$ cat protein.cif   # mmCIF, C-alpha atoms (C1' of nucleotides)
data_final
#
loop_
_atom_site.label_atom_id
_atom_site.label_comp_id
_atom_site.auth_asym_id
_atom_site.auth_seq_id
_atom_site.Cartn_x
_atom_site.Cartn_y
_atom_site.Cartn_z
CA MET A 1 15.09 21.68 21.35
CA PRO A 2 17.54 22.14 18.52
CA ARG A 3 16.21 22.75 15.04
CA ALA A 4 16.85 19.95 12.59
CA GLY A 5 17.50 22.41 9.79
CA LEU A 6 15.40 20.55 7.29
CA ASP A 7 14.04 21.75 4.00
CA PRO A 8 12.02 20.05 1.28
CA ALA A 9 15.10 18.99 -0.67
CA ALA A 10 16.67 17.35 2.35
CA VAL A 11 13.48 15.48 3.19
CA VAL A 12 13.10 14.27 -0.38
CA ALA A 13 16.73 13.20 -0.58
CA ALA A 14 16.41 11.25 2.66
CA GLY A 15 13.16 9.73 1.45
CA ALA A 16 14.77 8.60 -1.79
CA ALA A 17 17.69 7.06 0.07
CA LEU A 18 15.34 5.29 2.44
CA ALA A 19 13.22 4.01 -0.44
CA ASP A 20 16.34 2.52 -1.98
CA GLU A 21 17.07 0.74 1.28
CA VAL A 22 13.69 -0.59 2.30
CA GLY A 23 11.77 -0.49 -0.97
CA LEU A 24 9.25 2.10 -2.00
CA ALA A 25 6.45 0.19 -0.32
CA GLY A 26 8.36 0.19 2.95
CA LEU A 27 8.85 3.93 2.97
CA THR A 28 6.62 5.26 5.76
CA MET A 29 6.39 8.76 7.09
CA GLY A 30 7.32 7.47 10.52
CA LEU A 31 10.47 5.79 9.30
CA LEU A 32 11.50 8.84 7.31
CA ALA A 33 10.86 11.14 10.27
CA GLU A 34 13.04 8.98 12.47
CA ARG A 35 15.75 9.01 9.83
CA VAL A 36 15.88 12.78 9.65
CA GLY A 37 15.61 13.18 13.42
CA VAL A 38 12.16 14.65 13.76
CA ARG A 39 8.64 13.63 14.78
CA THR A 40 6.34 12.43 12.03
CA PRO A 41 4.02 15.43 11.75
CA SER A 42 6.97 17.76 11.29
CA LEU A 43 7.54 16.29 7.84
CA TYR A 44 4.33 17.94 6.72
CA LYS A 45 6.04 21.31 7.09
CA HIS A 46 8.22 20.37 4.13
CA VAL A 47 6.19 18.06 1.92
CA GLY A 48 2.50 17.86 1.33
CA GLY A 49 2.13 14.22 2.28
CA GLN A 50 3.01 10.80 1.01
CA GLU A 51 1.80 11.37 -2.52
CA ASP A 52 3.65 14.64 -2.82
CA LEU A 53 6.75 12.99 -1.39
CA ASN A 54 6.57 10.21 -3.97
CA ARG A 55 6.20 12.72 -6.75
CA ARG A 56 9.22 14.67 -5.60
CA ILE A 57 11.26 11.51 -5.28
CA ALA A 58 10.26 10.61 -8.83
CA VAL A 59 11.37 14.01 -10.10
CA LEU A 60 14.70 13.63 -8.32
CA ALA A 61 15.16 10.13 -9.74
CA LEU A 62 14.41 11.22 -13.28
CA HIS A 63 16.89 14.08 -13.07
CA GLU A 64 19.54 11.80 -11.65
CA ALA A 65 18.91 9.17 -14.30
CA ALA A 66 19.07 11.78 -17.02
CA ASP A 67 22.36 13.05 -15.60
CA ALA A 68 23.78 9.55 -15.41
CA VAL A 69 22.78 8.62 -18.95
CA GLY A 70 23.69 12.02 -20.34
CA SER A 71 27.18 12.08 -18.94
CA ALA A 72 27.83 8.42 -19.75
CA VAL A 73 27.16 9.18 -23.39
CA GLN A 74 29.52 12.15 -23.55
CA GLY A 75 32.14 11.69 -26.23
CA TYR A 76 30.67 8.51 -27.66
CA ALA A 77 28.59 7.81 -30.70
CA GLY A 78 26.91 4.86 -32.35
CA ARG A 79 27.29 1.56 -30.62
CA ASP A 80 29.54 2.93 -27.91
CA ALA A 81 27.00 5.56 -27.03
CA LEU A 82 24.19 3.02 -27.02
CA ALA A 83 26.12 0.69 -24.75
CA ALA A 84 27.14 3.48 -22.41
CA ALA A 85 23.59 4.79 -22.13
CA ALA A 86 22.04 1.40 -21.56
CA ARG A 87 24.61 0.40 -18.95
CA ALA A 88 24.32 3.70 -17.13
CA PHE A 89 20.56 3.44 -17.05
CA ARG A 90 20.54 -0.11 -15.78
CA ALA A 91 23.19 0.66 -13.19
CA PHE A 92 21.11 3.55 -11.95
CA VAL A 93 17.98 1.46 -11.57
CA LEU A 94 19.81 -1.35 -9.80
CA GLU A 95 21.56 1.04 -7.42
CA HIS A 96 18.42 3.07 -6.76
CA PRO A 97 15.49 0.71 -7.13
CA GLY A 98 13.33 2.55 -4.62
CA ARG A 99 13.50 5.98 -6.15
CA TYR A 100 13.21 4.59 -9.67
CA ALA A 101 10.10 2.69 -8.64
CA ALA A 102 8.61 6.03 -7.62
CA THR A 103 8.68 7.12 -11.26
CA ILE A 104 6.57 4.23 -12.51
CA GLY A 105 2.99 5.07 -13.27
CA MET A 106 3.48 8.71 -12.35
CA GLU A 107 1.74 11.07 -14.75
CA PRO A 108 2.64 14.73 -15.15
CA SER A 109 -0.34 16.94 -14.44
CA GLY A 110 0.58 19.36 -17.19
CA PRO A 111 3.40 20.58 -19.42
CA ASP A 112 4.81 22.77 -16.66
CA ASP A 113 4.86 19.98 -14.11
CA PRO A 114 8.46 19.46 -12.92
CA LEU A 115 7.84 15.79 -13.54
CA ALA A 116 7.34 16.45 -17.23
CA THR A 117 10.54 18.45 -17.41
CA ALA A 118 12.55 15.77 -15.68
CA GLY A 119 11.08 13.02 -17.84
CA GLN A 120 11.88 15.00 -20.94
CA ARG A 121 15.51 15.30 -19.92
CA LEU A 122 15.80 11.53 -19.68
CA LEU A 123 14.18 11.14 -23.07
CA ASP A 124 16.54 13.70 -24.54
CA ALA A 125 19.51 11.75 -23.27
CA PHE A 126 18.29 8.66 -25.13
CA THR A 127 17.44 10.70 -28.21
CA ALA A 128 21.06 11.82 -28.36
CA VAL A 129 22.07 8.16 -28.67
CA LEU A 130 19.86 7.69 -31.68
CA ARG A 131 21.50 10.57 -33.49
CA GLY A 132 24.52 8.34 -33.97
CA TYR A 133 22.51 6.08 -36.27
CA GLU A 134 21.04 6.62 -39.70
CA ILE A 135 17.40 6.61 -38.73
CA ALA A 136 14.61 8.10 -40.81
CA GLU A 137 12.87 10.99 -39.14
CA SER A 138 9.63 9.02 -39.02
CA ASP A 139 11.31 6.16 -37.15
CA VAL A 140 12.94 8.14 -34.40
CA ASP A 141 9.94 8.15 -32.08
CA HIS A 142 9.43 4.44 -32.51
CA ALA A 143 13.09 3.68 -31.93
CA LEU A 144 13.06 5.86 -28.84
CA ARG A 145 10.10 4.02 -27.43
CA MET A 146 11.78 0.72 -28.13
CA LEU A 147 14.94 1.79 -26.36
CA ARG A 148 12.98 3.01 -23.39
CA SER A 149 10.89 -0.15 -23.25
CA LEU A 150 13.93 -2.38 -23.44
CA CYS A 151 15.90 -0.55 -20.77
CA HIS A 152 12.92 -0.09 -18.50
CA GLY A 153 11.74 -3.66 -18.94
CA PHE A 154 15.09 -5.27 -18.43
CA ALA A 155 16.04 -3.15 -15.46
CA THR A 156 12.74 -3.49 -13.65
CA LEU A 157 12.52 -7.21 -14.29
CA GLN A 158 15.99 -7.66 -12.86
CA ALA A 159 15.33 -5.31 -9.95
CA GLY A 160 12.21 -7.34 -9.11
CA ASN A 161 14.05 -10.62 -9.49
CA GLY A 162 11.97 -11.42 -12.52
CA PHE A 163 14.72 -13.42 -14.18
CA GLN A 164 14.71 -16.84 -12.72
CA TRP A 165 16.89 -18.93 -14.92
CA SER A 166 20.51 -19.69 -14.94
CA ALA A 167 22.09 -17.64 -17.69
CA ASP A 168 24.24 -14.74 -16.63
CA ILE A 169 22.26 -11.52 -16.50
CA ASP A 170 25.11 -9.17 -17.41
CA GLU A 171 25.82 -11.32 -20.43
CA SER A 172 22.18 -11.13 -21.48
CA PHE A 173 22.27 -7.38 -21.18
CA GLU A 174 25.35 -7.06 -23.36
CA TRP A 175 23.73 -9.42 -25.87
CA LEU A 176 20.70 -7.20 -25.91
CA ILE A 177 22.81 -4.11 -26.57
CA ALA A 178 24.54 -5.83 -29.47
CA PHE A 179 21.21 -6.99 -30.87
CA THR A 180 19.78 -3.51 -30.75
CA ASP A 181 22.88 -1.96 -32.26
CA ARG A 182 22.80 -4.38 -35.21
CA GLY A 183 19.14 -3.66 -35.77
CA LEU A 184 19.57 0.10 -35.65
CA ARG A 185 22.55 0.02 -38.00
CA ALA A 186 20.60 -2.11 -40.47
CA MET A 187 17.97 0.55 -40.96
CA MET B 1 -28.23 -14.65 7.06
CA PRO B 2 -27.62 -16.46 3.81
CA ARG B 3 -24.20 -17.82 3.00
CA ALA B 4 -22.35 -16.03 0.28
CA GLY B 5 -20.95 -19.28 -1.05
CA LEU B 6 -17.43 -17.97 -1.40
CA ASP B 7 -14.24 -19.90 -1.79
CA PRO B 8 -10.63 -18.80 -2.27
CA ALA B 9 -10.88 -18.89 -6.05
CA ALA B 10 -13.96 -16.67 -6.11
CA VAL B 11 -12.36 -14.16 -3.75
CA VAL B 12 -9.18 -14.05 -5.81
CA ALA B 13 -11.11 -13.67 -9.06
CA ALA B 14 -13.13 -10.81 -7.61
CA GLY B 15 -9.96 -9.24 -6.26
CA ALA B 16 -8.31 -9.42 -9.66
CA ALA B 17 -11.32 -7.86 -11.34
CA LEU B 18 -11.44 -5.11 -8.75
CA ALA B 19 -7.71 -4.45 -9.11
CA ASP B 20 -8.24 -3.99 -12.83
CA GLU B 21 -10.94 -1.45 -12.14
CA VAL B 22 -9.46 0.64 -9.36
CA GLY B 23 -5.77 -0.14 -9.67
CA LEU B 24 -3.79 -2.50 -7.51
CA ALA B 25 -3.06 0.25 -5.00
CA GLY B 26 -6.78 0.94 -4.65
CA LEU B 27 -7.64 -2.65 -3.86
CA THR B 28 -8.61 -2.70 -0.20
CA MET B 29 -10.01 -5.54 1.83
CA GLY B 30 -13.07 -3.44 2.61
CA LEU B 31 -13.82 -2.73 -1.02
CA LEU B 32 -13.34 -6.34 -1.97
CA ALA B 33 -15.58 -7.50 0.87
CA GLU B 34 -18.33 -5.17 -0.25
CA ARG B 35 -17.93 -6.43 -3.81
CA VAL B 36 -18.43 -10.05 -2.84
CA GLY B 37 -21.24 -9.23 -0.42
CA VAL B 38 -19.59 -9.97 2.87
CA ARG B 39 -18.07 -8.11 5.83
CA THR B 40 -14.34 -7.47 5.73
CA PRO B 41 -13.13 -10.00 8.30
CA SER B 42 -14.93 -12.81 6.49
CA LEU B 43 -12.41 -12.56 3.67
CA TYR B 44 -9.81 -13.94 6.02
CA LYS B 45 -11.62 -17.28 5.95
CA HIS B 46 -10.55 -17.63 2.33
CA VAL B 47 -7.25 -15.82 1.95
CA GLY B 48 -4.47 -15.22 4.41
CA GLY B 49 -4.46 -11.46 4.09
CA GLN B 50 -3.52 -8.77 1.65
CA GLU B 51 -0.12 -10.19 0.81
CA ASP B 52 -1.52 -13.64 0.23
CA LEU B 53 -4.30 -12.15 -1.88
CA ASN B 54 -1.77 -10.30 -4.05
CA ARG B 55 0.24 -13.46 -4.54
CA ARG B 56 -2.81 -15.40 -5.62
CA ILE B 57 -3.86 -12.64 -8.00
CA ALA B 58 -0.36 -12.74 -9.47
CA VAL B 59 -0.58 -16.49 -10.00
CA LEU B 60 -3.95 -16.10 -11.69
CA ALA B 61 -2.63 -13.33 -13.91
CA LEU B 62 0.41 -15.32 -14.99
CA HIS B 63 -1.72 -18.33 -15.88
CA GLU B 64 -4.13 -16.16 -17.84
CA ALA B 65 -1.30 -14.39 -19.65
CA ALA B 66 0.30 -17.72 -20.50
CA ASP B 67 -3.03 -18.98 -21.82
CA ALA B 68 -3.52 -15.85 -23.89
CA VAL B 69 -0.06 -15.90 -25.41
CA GLY B 70 -0.05 -19.65 -25.84
CA SER B 71 -3.31 -19.83 -27.72
CA ALA B 72 -2.55 -16.73 -29.79
CA VAL B 73 0.55 -18.45 -31.10
CA GLN B 74 -1.23 -21.67 -32.09
CA GLY B 75 -0.73 -22.43 -35.75
CA TYR B 76 1.75 -19.66 -36.41
CA ALA B 77 5.49 -19.61 -36.73
CA GLY B 78 8.23 -17.09 -37.27
CA ARG B 79 7.18 -13.51 -37.61
CA ASP B 80 3.48 -14.31 -37.37
CA ALA B 81 3.99 -16.13 -34.12
CA LEU B 82 6.11 -13.31 -32.75
CA ALA B 83 3.50 -10.72 -33.68
CA ALA B 84 0.65 -12.80 -32.27
CA ALA B 85 2.46 -13.40 -28.99
CA ALA B 86 3.48 -9.80 -28.53
CA ARG B 87 0.02 -8.46 -29.34
CA ALA B 88 -1.69 -10.96 -27.08
CA PHE B 89 0.63 -10.11 -24.22
CA ARG B 90 0.19 -6.38 -24.58
CA ALA B 91 -3.57 -6.72 -24.92
CA PHE B 92 -3.67 -8.75 -21.76
CA VAL B 93 -1.70 -6.20 -19.78
CA LEU B 94 -3.79 -3.31 -21.06
CA GLU B 95 -7.06 -5.08 -20.32
CA HIS B 96 -5.92 -6.30 -16.93
CA PRO B 97 -3.47 -3.73 -15.62
CA GLY B 98 -4.33 -4.37 -11.99
CA ARG B 99 -3.77 -8.08 -11.91
CA TYR B 100 -0.67 -7.80 -14.07
CA ALA B 101 0.75 -5.21 -11.69
CA ALA B 102 0.38 -7.81 -8.95
CA THR B 103 2.99 -9.95 -10.70
CA ILE B 104 5.69 -7.28 -10.67
CA GLY B 105 8.37 -7.75 -8.08
CA MET B 106 6.81 -10.96 -6.82
CA GLU B 107 9.40 -13.63 -6.13
CA PRO B 108 8.63 -17.34 -5.91
CA SER B 109 9.61 -18.73 -2.54
CA GLY B 110 10.81 -21.99 -4.04
CA PRO B 111 10.59 -24.25 -7.08
CA ASP B 112 7.26 -25.70 -5.95
CA ASP B 113 5.68 -22.31 -5.42
CA PRO B 114 2.60 -22.01 -7.67
CA LEU B 115 4.00 -18.65 -8.67
CA ALA B 116 7.07 -20.32 -10.16
CA THR B 117 4.93 -22.77 -12.09
CA ALA B 118 2.74 -20.03 -13.49
CA GLY B 119 5.71 -17.88 -14.43
CA GLN B 120 7.31 -20.81 -16.17
CA ARG B 121 4.21 -21.34 -18.28
CA LEU B 122 4.41 -17.79 -19.55
CA LEU B 123 8.07 -18.20 -20.34
CA ASP B 124 7.35 -21.43 -22.18
CA ALA B 125 4.84 -19.66 -24.35
CA PHE B 126 7.47 -17.15 -25.42
CA THR B 127 10.06 -19.87 -25.87
CA ALA B 128 7.77 -21.51 -28.39
CA VAL B 129 7.91 -18.34 -30.46
CA LEU B 130 11.68 -18.46 -30.60
CA ARG B 131 11.61 -21.98 -32.00
CA GLY B 132 10.44 -20.47 -35.27
CA TYR B 133 13.80 -18.76 -35.71
CA GLU B 134 17.26 -20.09 -36.34
CA ILE B 135 18.78 -19.25 -33.01
CA ALA B 136 21.88 -20.85 -31.58
CA GLU B 137 21.25 -22.80 -28.42
CA SER B 138 23.46 -20.44 -26.47
CA ASP B 139 21.43 -17.43 -27.59
CA VAL B 140 17.98 -18.68 -26.68
CA ASP B 141 18.08 -17.55 -23.08
CA HIS B 142 19.28 -14.11 -24.05
CA ALA B 143 16.67 -13.75 -26.77
CA LEU B 144 13.99 -14.86 -24.35
CA ARG B 145 15.01 -12.25 -21.83
CA MET B 146 15.02 -9.61 -24.53
CA LEU B 147 11.52 -10.56 -25.63
CA ARG B 148 10.27 -10.50 -22.09
CA SER B 149 11.94 -7.17 -21.36
CA LEU B 150 10.52 -5.60 -24.48
CA CYS B 151 6.97 -6.79 -23.94
CA HIS B 152 7.01 -6.07 -20.23
CA GLY B 153 8.63 -2.69 -20.67
CA PHE B 154 6.38 -1.52 -23.45
CA ALA B 155 3.19 -2.75 -21.86
CA THR B 156 3.92 -1.38 -18.40
CA LEU B 157 5.10 1.95 -19.73
CA GLN B 158 1.92 2.27 -21.73
CA ALA B 159 -0.28 1.08 -18.87
CA GLY B 160 1.32 3.70 -16.62
CA ASN B 161 0.97 6.39 -19.24
CA GLY B 162 4.71 6.52 -19.60
CA PHE B 163 4.56 7.50 -23.25
CA GLN B 164 3.95 11.16 -23.49
CA TRP B 165 4.60 12.14 -27.02
CA SER B 166 2.50 12.31 -30.05
CA ALA B 167 3.31 9.31 -32.20
CA ASP B 168 0.73 6.56 -32.36
CA ILE B 169 1.37 3.88 -29.79
CA ASP B 170 -0.04 0.96 -31.76
CA GLU B 171 2.15 1.94 -34.65
CA SER B 172 5.20 1.99 -32.40
CA PHE B 173 4.34 -1.47 -31.16
CA GLU B 174 4.07 -2.88 -34.66
CA TRP B 175 7.33 -1.17 -35.55
CA LEU B 176 8.93 -2.82 -32.55
CA ILE B 177 7.67 -6.25 -33.60
CA ALA B 178 9.08 -5.77 -37.10
CA PHE B 179 12.40 -4.61 -35.67
CA THR B 180 12.68 -7.63 -33.43
CA ASP B 181 11.69 -10.02 -36.20
CA ARG B 182 14.36 -8.63 -38.53
CA GLY B 183 16.96 -8.94 -35.81
CA LEU B 184 16.04 -12.49 -34.94
CA ARG B 185 15.99 -13.58 -38.57
CA ALA B 186 19.42 -12.05 -39.12
CA MET B 187 21.02 -14.32 -36.57
"C1'" DA C 1 13.06 44.83 22.76
"C1'" DA C 2 8.86 43.56 20.31
"C1'" DG C 3 6.99 40.68 17.24
"C1'" DC C 4 6.34 37.55 13.54
"C1'" DC C 5 7.02 33.28 10.87
"C1'" DA C 6 8.76 28.94 10.09
"C1'" DA C 7 9.87 24.58 12.16
"C1'" DG C 8 8.80 21.69 15.84
"C1'" DT C 9 5.87 19.44 19.26
"C1'" DT C 10 1.99 16.79 21.43
"C1'" DA C 11 -2.62 15.14 21.19
"C1'" DA C 12 -6.48 13.70 18.30
"C1'" DT C 13 -8.75 11.75 14.41
"C1'" DC C 14 -9.35 8.60 10.69
"C1'" DG C 15 -9.12 4.71 7.76
"C1'" DG C 16 -7.64 0.19 6.59
"C1'" DA C 17 -5.72 -4.40 8.10
"C1'" DT C 18 -5.99 -7.90 11.20
"C1'" DT C 19 -7.36 -10.74 15.37
"C1'" DA C 20 -10.53 -12.63 18.94
"C1'" DG C 21 -14.46 -14.73 20.17
"C1'" DC C 22 -19.21 -15.81 19.25
"C1'" DT C 23 -23.14 -17.68 16.10
"C1'" DT C 24 -25.11 -20.26 12.46
"C1'" DT C 25 -25.24 -22.91 8.50
"C1'" DT C 26 -24.48 -27.23 6.34
"C1'" DA C 27 -22.20 -31.55 5.01
"C1'" DG C 28 -21.56 -36.01 6.68
"C1'" DC C 29 -22.73 -39.63 9.51
"C1'" DT C 30 -25.74 -42.79 12.12
"C1'" DA D 1 -34.57 -37.64 10.99
"C1'" DG D 2 -31.32 -36.05 14.32
"C1'" DC D 3 -26.34 -35.15 15.89
"C1'" DT D 4 -22.20 -32.91 15.43
"C1'" DA D 5 -18.18 -30.55 14.01
"C1'" DA D 6 -15.97 -27.78 10.75
"C1'" DA D 7 -16.58 -23.95 7.80
"C1'" DA D 8 -18.29 -19.38 6.92
"C1'" DG D 9 -20.17 -15.33 8.82
"C1'" DC D 10 -20.58 -11.59 12.10
"C1'" DT D 11 -19.50 -7.93 15.71
"C1'" DA D 12 -16.27 -5.79 18.53
"C1'" DA D 13 -11.67 -4.56 19.50
"C1'" DT D 14 -6.84 -3.65 18.45
"C1'" DC D 15 -3.01 -1.82 15.82
"C1'" DC D 16 -0.58 0.94 12.77
"C1'" DG D 17 0.29 4.51 9.63
"C1'" DA D 18 -1.31 8.98 7.59
"C1'" DT D 19 -2.99 13.26 8.48
"C1'" DT D 20 -4.89 17.42 11.01
"C1'" DA D 21 -5.37 20.71 14.93
"C1'" DA D 22 -3.63 23.60 18.10
"C1'" DC D 23 0.08 25.01 20.82
"C1'" DT D 24 5.31 26.47 21.54
"C1'" DT D 25 9.59 28.29 20.51
"C1'" DG D 26 13.85 29.61 18.01
"C1'" DG D 27 15.82 33.08 15.37
"C1'" DC D 28 15.69 36.89 12.62
"C1'" DT D 29 13.79 41.62 11.44
"C1'" DT D 30 12.67 46.11 12.69
#
$ encode --input "protein.cif" --output "structure tokens"
Amino acid sequence: MPRAGLDPAAVVAAGAALADEVGLAGLTMGLLAERVGVRTPSLYKHVGGQEDLNRRIAVLALHEAADAVGSAVQGYAGRDALAAAARAFRAFVLEHPGRYAATIGMEPSGPDDPLATAGQRLLDAFTAVLRGYEIAESDVDHALRMLRSLCHGFATLQAGNGFQWSADIDESFEWLIAFTDRGLRAM
Amino acid sequence: MPRAGLDPAAVVAAGAALADEVGLAGLTMGLLAERVGVRTPSLYKHVGGQEDLNRRIAVLALHEAADAVGSAVQGYAGRDALAAAARAFRAFVLEHPGRYAATIGMEPSGPDDPLATAGQRLLDAFTAVLRGYEIAESDVDHALRMLRSLCHGFATLQAGNGFQWSADIDESFEWLIAFTDRGLRAM
DNA sequence: AAGCCAAGTTAATCGGATTAGCTTTTAGCT
DNA sequence: AGCTAAAAGCTAATCCGATTAACTTGGCTT
């Protein structure tokens, strides 16, 4: 009986990939075990259970999203940076709906929770975008929350097929970027 | 043994209330049965199962949200209407996080699906807000999607404790309304 | 070569959803 | 008032997925 050579990272990565394929709700321990070539109970040697698995997938997703947004923004400022960040974020959510869904409603247990660290990295990436605008110190937090709400809302609505009408979705997203840019520049 | 006098509407209403209390994920058939004073299998006389129950809760939630936003907007226009609609929507989501969560990622099966009708009513309520601004016909759809994304994003992030920092959340929301109003008026 | 630990395995257990089949209430009809 | 059939309940049984217990073995250390 050959060893599968698993470790927590491999299990989490496979779980995230599977969640993207079948949806977070469809991610079962049995399906994941089959995917990594092992019997179901063996997964418990690497992760604590379904809740722990979801948490780890969320951490992975937040780090990946932060990387994607962070590197998309490199070398840009102002509107270009805003557009690059927003597009990168939306692209990430649409390509990885399952793992992104794992991040929703997940609360860090404390400041040293890896989840908090990962979430902070994503926030930092968006904060960098705002530095390209003339925003009063007291407005930065509000603007950050707006950016996050817009990106999160748009991406999750689209991922869940929440937009039912005819107009082109990409066009709406670009419109939304332009709208936000105008507003931020007018401050 | 006395009849409980249930019907589908009563079961769905109780399910929605329970979802608000324990979270959508915590809503089990057993818990709901206990709540309405009946054994678990009896619920199946009124709803088709858990998926059907979730769908019906979603329809209820969308109608209630549309009612809330629609009546909040009555008699207002422009910025006042925008503020009233946004506040009503957010209040609804925060007071009824469970039933609102049921609406996420739920796709209507066709144009005559009650879910489509209910969703359209909510959209119509937001569309009414936009009529108070001078927006080109070609921009209305985009603006509507932005409004929906903003409200949905902000409310769900807050409901899921997605905002971790210090700044006051109500203040951020008012800031966001002002920002959007300025942008819409500048079109 | 002995021995230990991590990674696997099989066999149970447990809880929640759902189905089957039976009983009883109750609305509608005569 | 009495008949009857559908609706609304119930108990018992099944199924499936998560999790735990207890055993086995591969692979490295000493």
$ residues_around --input "protein.cif" --residues "Val47 in chain B" --least-positions-apart "5" --cutoff "8 Å" --atoms "all atoms listed in the file" --output "number ranges by chain"
B: 8, 11, 52-53
$ atom_distance --input "protein.cif" --atom1 "CA of Ala10 in chain A" --atom2 "C1' of DT9 in chain C"
20.2 Å
$ resolve_selection --input "protein.cif" --expression "the PyMOL selection byres ((chain C and resi 16-22) around 9)" --output "list in words"
Thr28, Met29, Gly30, Pro41, Tyr44, Gly49 and Gln50 of chain B; DG15 and DT23 of chain C; DC10, DT11, DA12, DA13, DT14, DC15 and DC16 of chain D
$ atom_distance --input "protein.cif" --atom1 "CA of Arg79 in chain A" --atom2 "CA of Asp141 in chain B"
22.5 Å
$ resolve_selection --input "protein.cif" --expression "the PyMOL selection byres ((chain A) within 8 of (chain B))" --output "number ranges by chain"
A: 104-107, 141-143, 145-146, 148-154, 157, 159-163, 167, 171-173, 175-176, 179-180, 182-183
$ residues_around --input "protein.cif" --residues "DA21 in chain D" --least-positions-apart "3" --cutoff "12 Å" --atoms "all atoms listed in the file" --output "short mmCIF file (atom, residue, chain, number, x, y, z; two decimals) with C-alpha atoms (C1' of nucleotides), in the frame of the given file"
data_model
loop_
_atom_site.label_atom_id
_atom_site.label_comp_id
_atom_site.auth_asym_id
_atom_site.auth_seq_id
_atom_site.Cartn_x
_atom_site.Cartn_y
_atom_site.Cartn_z
CA PRO A 41 4.02 15.43 11.75
"C1'" DT C 10 1.99 16.79 21.43
"C1'" DA C 11 -2.62 15.14 21.19
"C1'" DA C 12 -6.48 13.70 18.30
"C1'" DT C 13 -8.75 11.75 14.41
#
$ resolve_selection --input "protein.cif" --expression "the PyMOL selection byres ((chain A) within 12 of (chain C))" --output "VMD selection string"
chain A and resid 1 to 8 37 to 46
$ write_last_selection --input "protein.cif" --atoms "C-alpha atoms" --output "compact mmCIF listing (two decimals), keeping the file's coordinate frame"
# COMPACT_ATOMS: atom_id res chain seq x y z
CA MET A 1 15.09 21.68 21.35
CA PRO A 2 17.54 22.14 18.52
CA ARG A 3 16.21 22.75 15.04
CA ALA A 4 16.85 19.95 12.59
CA GLY A 5 17.50 22.41 9.79
CA LEU A 6 15.40 20.55 7.29
CA ASP A 7 14.04 21.75 4.00
CA PRO A 8 12.02 20.05 1.28
CA GLY A 37 15.61 13.18 13.42
CA VAL A 38 12.16 14.65 13.76
CA ARG A 39 8.64 13.63 14.78
CA THR A 40 6.34 12.43 12.03
CA PRO A 41 4.02 15.43 11.75
CA SER A 42 6.97 17.76 11.29
CA LEU A 43 7.54 16.29 7.84
CA TYR A 44 4.33 17.94 6.72
CA LYS A 45 6.04 21.31 7.09
CA HIS A 46 8.22 20.37 4.13
$ residues_around --input "protein.cif" --residues "Leu82 in chain A" --least-positions-apart "4" --cutoff "8 Å" --atoms "all atoms listed in the file" --output "VMD selection string"
chain A and resid 73 77 to 78 86 129 to 130 177 181
$ closest_atom_pairs --input "protein.cif" --of "chain D" --to "chain A" --cutoff "8 Å" --atoms "all atoms listed in the file" --output "CSV"
residue,atom,partner,partner_atom,distance
D:DG17,C1',A:Thr28,CA,7.5
D:DA18,C1',A:Met29,CA,7.7
D:DG26,C1',A:Arg3,CA,7.8
$ atom_distance --input "protein.cif" --atom1 "CA of Leu62 in chain A" --atom2 "CA of Tyr100 in chain B"
24.3 Å
$ residues_around --input "protein.cif" --residues "Ala102 in chain B" --least-positions-apart "6" --cutoff "9 Å" --atoms "all atoms listed in the file" --output "number ranges by chain"
B: 16, 19, 24, 54-59, 61
$ residues_near_point --input "protein.cif" --point "(19.6, 3.1, -11.3)" --cutoff "10 Å" --atoms "all atoms listed in the file" --output "compact mmCIF listing (two decimals) with C-alpha atoms, keeping the file's coordinate frame"
# COMPACT_ATOMS: atom_id res chain seq x y z
CA ASP A 20 16.34 2.52 -1.98
CA ALA A 61 15.16 10.13 -9.74
CA LEU A 62 14.41 11.22 -13.28
CA GLU A 64 19.54 11.80 -11.65
CA ALA A 65 18.91 9.17 -14.30
CA ALA A 68 23.78 9.55 -15.41
CA VAL A 69 22.78 8.62 -18.95
CA ARG A 87 24.61 0.40 -18.95
CA ALA A 88 24.32 3.70 -17.13
CA PHE A 89 20.56 3.44 -17.05
CA ARG A 90 20.54 -0.11 -15.78
CA ALA A 91 23.19 0.66 -13.19
CA PHE A 92 21.11 3.55 -11.95
CA VAL A 93 17.98 1.46 -11.57
CA LEU A 94 19.81 -1.35 -9.80
CA GLU A 95 21.56 1.04 -7.42
CA HIS A 96 18.42 3.07 -6.76
CA PRO A 97 15.49 0.71 -7.13
CA GLY A 98 13.33 2.55 -4.62
CA ARG A 99 13.50 5.98 -6.15
CA TYR A 100 13.21 4.59 -9.67
CA ALA A 101 10.10 2.69 -8.64
CA ALA A 155 16.04 -3.15 -15.46
CA THR A 156 12.74 -3.49 -13.65
CA ALA A 159 15.33 -5.31 -9.95
$ axis_aligned_box --input "protein.cif" --around "range 100-107 of chain A" --padding-each-side "4 Å" --output "lines of an AutoDock Vina configuration file"
center_x = 7.5
center_y = 6.9
center_z = -11.2
size_x = 19.5
size_y = 16.4
size_z = 15.1
